[in-house]
file work_34.tsv (TSV, C-alpha atoms)
chain	number	residue	atom	x	y	z
P	25	MET	CA	-56.27	-97.18	-24.88
P	26	LYS	CA	-53.92	-94.74	-26.62
P	27	LYS	CA	-56.84	-93.04	-28.38
P	28	LEU	CA	-58.66	-92.66	-25.07
P	29	PHE	CA	-55.57	-91.18	-23.43
P	30	LEU	CA	-54.98	-88.80	-26.35
P	31	THR	CA	-58.62	-87.70	-26.33
P	32	GLY	CA	-58.40	-87.00	-22.60
P	33	CYS	CA	-55.20	-84.97	-23.03
P	34	ILE	CA	-56.72	-82.89	-25.81
P	35	SER	CA	-59.79	-82.22	-23.66
P	36	VAL	CA	-57.58	-81.04	-20.80
P	37	LEU	CA	-55.66	-78.76	-23.17
P	38	ILE	CA	-58.79	-77.18	-24.53
P	39	PHE	CA	-60.26	-76.72	-21.06
P	40	SER	CA	-57.10	-75.36	-19.43
P	41	CYS	CA	-56.33	-72.88	-22.21
P	42	SER	CA	-59.83	-71.48	-22.51
P	43	LYS	CA	-60.92	-68.13	-21.12
P	44	LYS	CA	-61.70	-67.90	-17.43
P	45	GLU	CA	-65.36	-67.46	-16.69
P	46	THR	CA	-67.05	-65.90	-13.75
P	47	PRO	CA	-70.70	-65.69	-12.68
P	48	VAL	CA	-72.56	-62.57	-13.79
P	49	ASP	CA	-73.81	-62.16	-10.22
P	50	ALA	CA	-74.06	-64.30	-7.14
P	51	THR	CA	-77.71	-65.24	-7.80
P	52	SER	CA	-77.24	-66.13	-11.46
P	53	SER	CA	-76.03	-69.37	-12.96
P	54	GLU	CA	-75.05	-67.58	-16.17
P	55	THR	CA	-71.37	-66.96	-16.80
P	56	THR	CA	-69.46	-64.39	-18.79
P	57	ALA	CA	-65.86	-64.25	-19.98
P	58	VAL	CA	-63.57	-62.22	-17.73
P	59	SER	CA	-62.74	-59.03	-19.54
P	60	GLU	CA	-59.71	-57.04	-18.54
P	61	PRO	CA	-60.05	-53.27	-18.76
P	62	ALA	CA	-57.77	-51.58	-21.26
P	63	LYS	CA	-54.67	-49.90	-19.87
P	64	THR	CA	-54.78	-51.35	-16.37
P	65	ASN	CA	-52.49	-50.14	-13.63
P	66	LEU	CA	-51.37	-53.71	-12.94
P	67	SER	CA	-47.84	-54.93	-13.55
P	68	GLY	CA	-47.12	-57.55	-16.21
P	69	ASP	CA	-47.00	-60.43	-13.75
P	70	GLN	CA	-50.24	-59.27	-12.10
P	71	ILE	CA	-51.99	-59.14	-15.49
P	72	ILE	CA	-50.73	-62.67	-16.23
P	73	GLU	CA	-52.23	-63.85	-12.92
P	74	THR	CA	-55.68	-62.53	-13.92
P	75	LEU	CA	-55.69	-64.55	-17.14
P	76	ASP	CA	-55.50	-68.26	-17.98
P	77	CYS	CA	-51.73	-68.21	-18.68
P	78	SER	CA	-50.78	-70.52	-15.79
P	79	GLY	CA	-52.79	-73.33	-17.34
P	80	CYS	CA	-50.14	-73.63	-20.06
P	81	HIS	CA	-47.05	-71.71	-18.86
P	82	SER	CA	-44.87	-71.39	-15.77
P	83	VAL	CA	-41.79	-69.32	-15.00
P	84	ASN	CA	-39.24	-72.14	-14.92
P	85	GLU	CA	-40.71	-75.31	-16.42
P	86	ARG	CA	-42.16	-76.20	-19.80
P	87	MET	CA	-45.78	-77.26	-19.51
P	88	ILE	CA	-48.21	-77.31	-22.42
P	89	GLY	CA	-46.41	-74.20	-23.65
P	90	PRO	CA	-42.88	-72.94	-23.09
P	91	SER	CA	-41.71	-71.53	-19.76
P	92	TYR	CA	-41.27	-67.78	-19.47
P	93	LYS	CA	-37.51	-68.36	-19.16
P	94	GLU	CA	-37.49	-70.26	-22.47
P	95	ILE	CA	-39.39	-67.44	-24.14
P	96	ALA	CA	-37.00	-64.87	-22.67
P	97	GLU	CA	-34.01	-66.81	-24.01
P	98	LYS	CA	-35.48	-66.98	-27.52
P	99	TYR	CA	-36.70	-63.37	-27.84
P	100	SER	CA	-35.36	-59.90	-27.03
P	101	GLU	CA	-36.65	-56.38	-26.40
P	102	LYS	CA	-36.99	-55.83	-30.16
P	103	ASP	CA	-39.71	-58.54	-30.21
P	104	ILE	CA	-42.08	-56.86	-27.72
P	105	GLU	CA	-44.59	-55.82	-30.42
P	106	LEU	CA	-44.54	-59.28	-32.02
P	107	LEU	CA	-45.05	-61.11	-28.74
P	108	ALA	CA	-47.76	-58.68	-27.57
P	109	SER	CA	-49.63	-59.38	-30.82
P	110	LYS	CA	-49.29	-63.14	-30.24
P	111	ILE	CA	-50.83	-62.78	-26.78
P	112	ILE	CA	-53.80	-60.91	-28.22
P	113	GLU	CA	-54.25	-62.87	-31.45
P	114	GLY	CA	-52.98	-66.30	-30.38
P	115	GLY	CA	-50.46	-68.32	-32.32
P	116	SER	CA	-49.05	-71.72	-33.17
P	117	GLY	CA	-46.14	-73.56	-34.66
P	118	VAL	CA	-43.22	-71.85	-32.90
P	119	TRP	CA	-43.12	-74.09	-29.81
P	120	GLY	CA	-44.93	-77.16	-31.11
P	121	GLY	CA	-48.31	-78.18	-32.39
P	122	VAL	CA	-50.53	-76.94	-29.57
P	123	PRO	CA	-51.86	-73.47	-30.44
P	124	MET	CA	-51.99	-70.67	-27.88
P	125	SER	CA	-55.47	-69.29	-27.50
P	126	ALA	CA	-56.17	-65.66	-28.37
P	127	HIS	CA	-56.73	-63.10	-25.63
P	128	PRO	CA	-58.59	-60.31	-27.47
P	129	GLN	CA	-59.73	-58.77	-24.18
P	130	VAL	CA	-56.13	-57.75	-23.39
P	131	SER	CA	-55.13	-54.27	-24.52
P	132	LYS	CA	-51.93	-53.77	-26.51
P	133	GLU	CA	-50.44	-51.82	-23.59
P	134	ASP	CA	-51.20	-54.60	-21.11
P	135	ALA	CA	-49.86	-57.25	-23.51
P	136	LYS	CA	-46.60	-55.27	-23.73
P	137	LYS	CA	-46.38	-55.19	-19.91
P	138	MET	CA	-46.83	-58.96	-19.90
P	139	VAL	CA	-44.07	-59.40	-22.48
P	140	GLU	CA	-41.72	-57.11	-20.56
P	141	TYR	CA	-42.25	-59.25	-17.46
P	142	ILE	CA	-41.66	-62.46	-19.43
P	143	LEU	CA	-38.48	-61.07	-21.01
P	144	SER	CA	-37.24	-60.05	-17.55
P	145	GLN	CA	-36.95	-63.78	-16.75
P	146	LYS	CA	-33.85	-64.06	-18.97
P	147	LYS	CA	-30.99	-65.72	-17.11

call {"tool": "encode", "arguments": {"input": "work_34.tsv", "output": "structure tokens"}}
result
Amino acid sequence: MKKLFLTGCISVLIFSCSKKETPVDATSSETTAVSEPAKTNLSGDQIIETLDCSGCHSVNERMIGPSYKEIAEKYSEKDIELLASKIIEGGSGVWGGVPMSAHPQVSKEDAKKMVEYILSQKK
């Protein structure tokens, strides 16, 4: 029973942290990964909404990954480059054993906007 439960949890993690997909066109059953254009005019929180972040993170509560408030308490403005790289490249080990998936479609500039929004959640 425990193995079945654990297998189900891992499947949910993999599914919820994978890239969003969208149909190529309304008449096609093929899908393609959503690709964000580099240097968007969206704010950090708007960029986060377009990605799969909410499957693992929320503003106030720990989910699969840490809450944005927890991240903001642990890091500061000097860590923007580091955290932007983690968004793009993925990472693991800092907040537990579940790795964060990479988001290579996100530009460095957009990743920095996302980090700035997350750091703004500091109490």

call {"tool": "closest_residue", "arguments": {"input": "work_34.tsv", "among": "P:Leu75, P:Ile142, P:Leu66, P:Val83", "to": "His127 (chain P)", "atoms": "only C-alpha atoms"}}
result
P:Leu75

call {"tool": "closest_residue", "arguments": {"input": "work_34.tsv", "among": "P:Ser100, P:Ser116, P:Thr64, P:Ser91", "to": "Leu143 (chain P)", "atoms": "all atoms listed in the file"}}
result
P:Ser100

call {"tool": "atom_distance", "arguments": {"input": "work_34.tsv", "atom1": "CA of Lys102 (chain P)", "atom2": "CA of Asn65 (chain P)"}}
result
23.4 Å

call {"tool": "atom_distance", "arguments": {"input": "work_34.tsv", "atom1": "CA of Met124 (chain P)", "atom2": "CA of Ile95 (chain P)"}}
result
13.5 Å

call {"tool": "residues_near_point", "arguments": {"input": "work_34.tsv", "point": "(-46.4, -65.9, -14.5)", "cutoff": "10 Å", "atoms": "only C-alpha atoms", "output": "PyMOL selection string"}}
result
chain P and resi 68-75+77-78+81-84+91-92+138+141-142+145

call {"tool": "atom_distance", "arguments": {"input": "work_34.tsv", "atom1": "CA of Val139 (chain P)", "atom2": "CA of Val118 (chain P)"}}
result
16.3 Å

call {"tool": "closest_residue", "arguments": {"input": "work_34.tsv", "among": "P:Cys80, P:Ile111, P:Ala96, P:Met87", "to": "Glu133 (chain P)", "atoms": "all atoms listed in the file"}}
result
P:Ile111

call {"tool": "closest_residue", "arguments": {"input": "work_34.tsv", "among": "P:Glu97, P:Ile104, P:Lys110, P:Ser144", "to": "Pro123 (chain P)", "atoms": "only C-alpha atoms"}}
result
P:Lys110
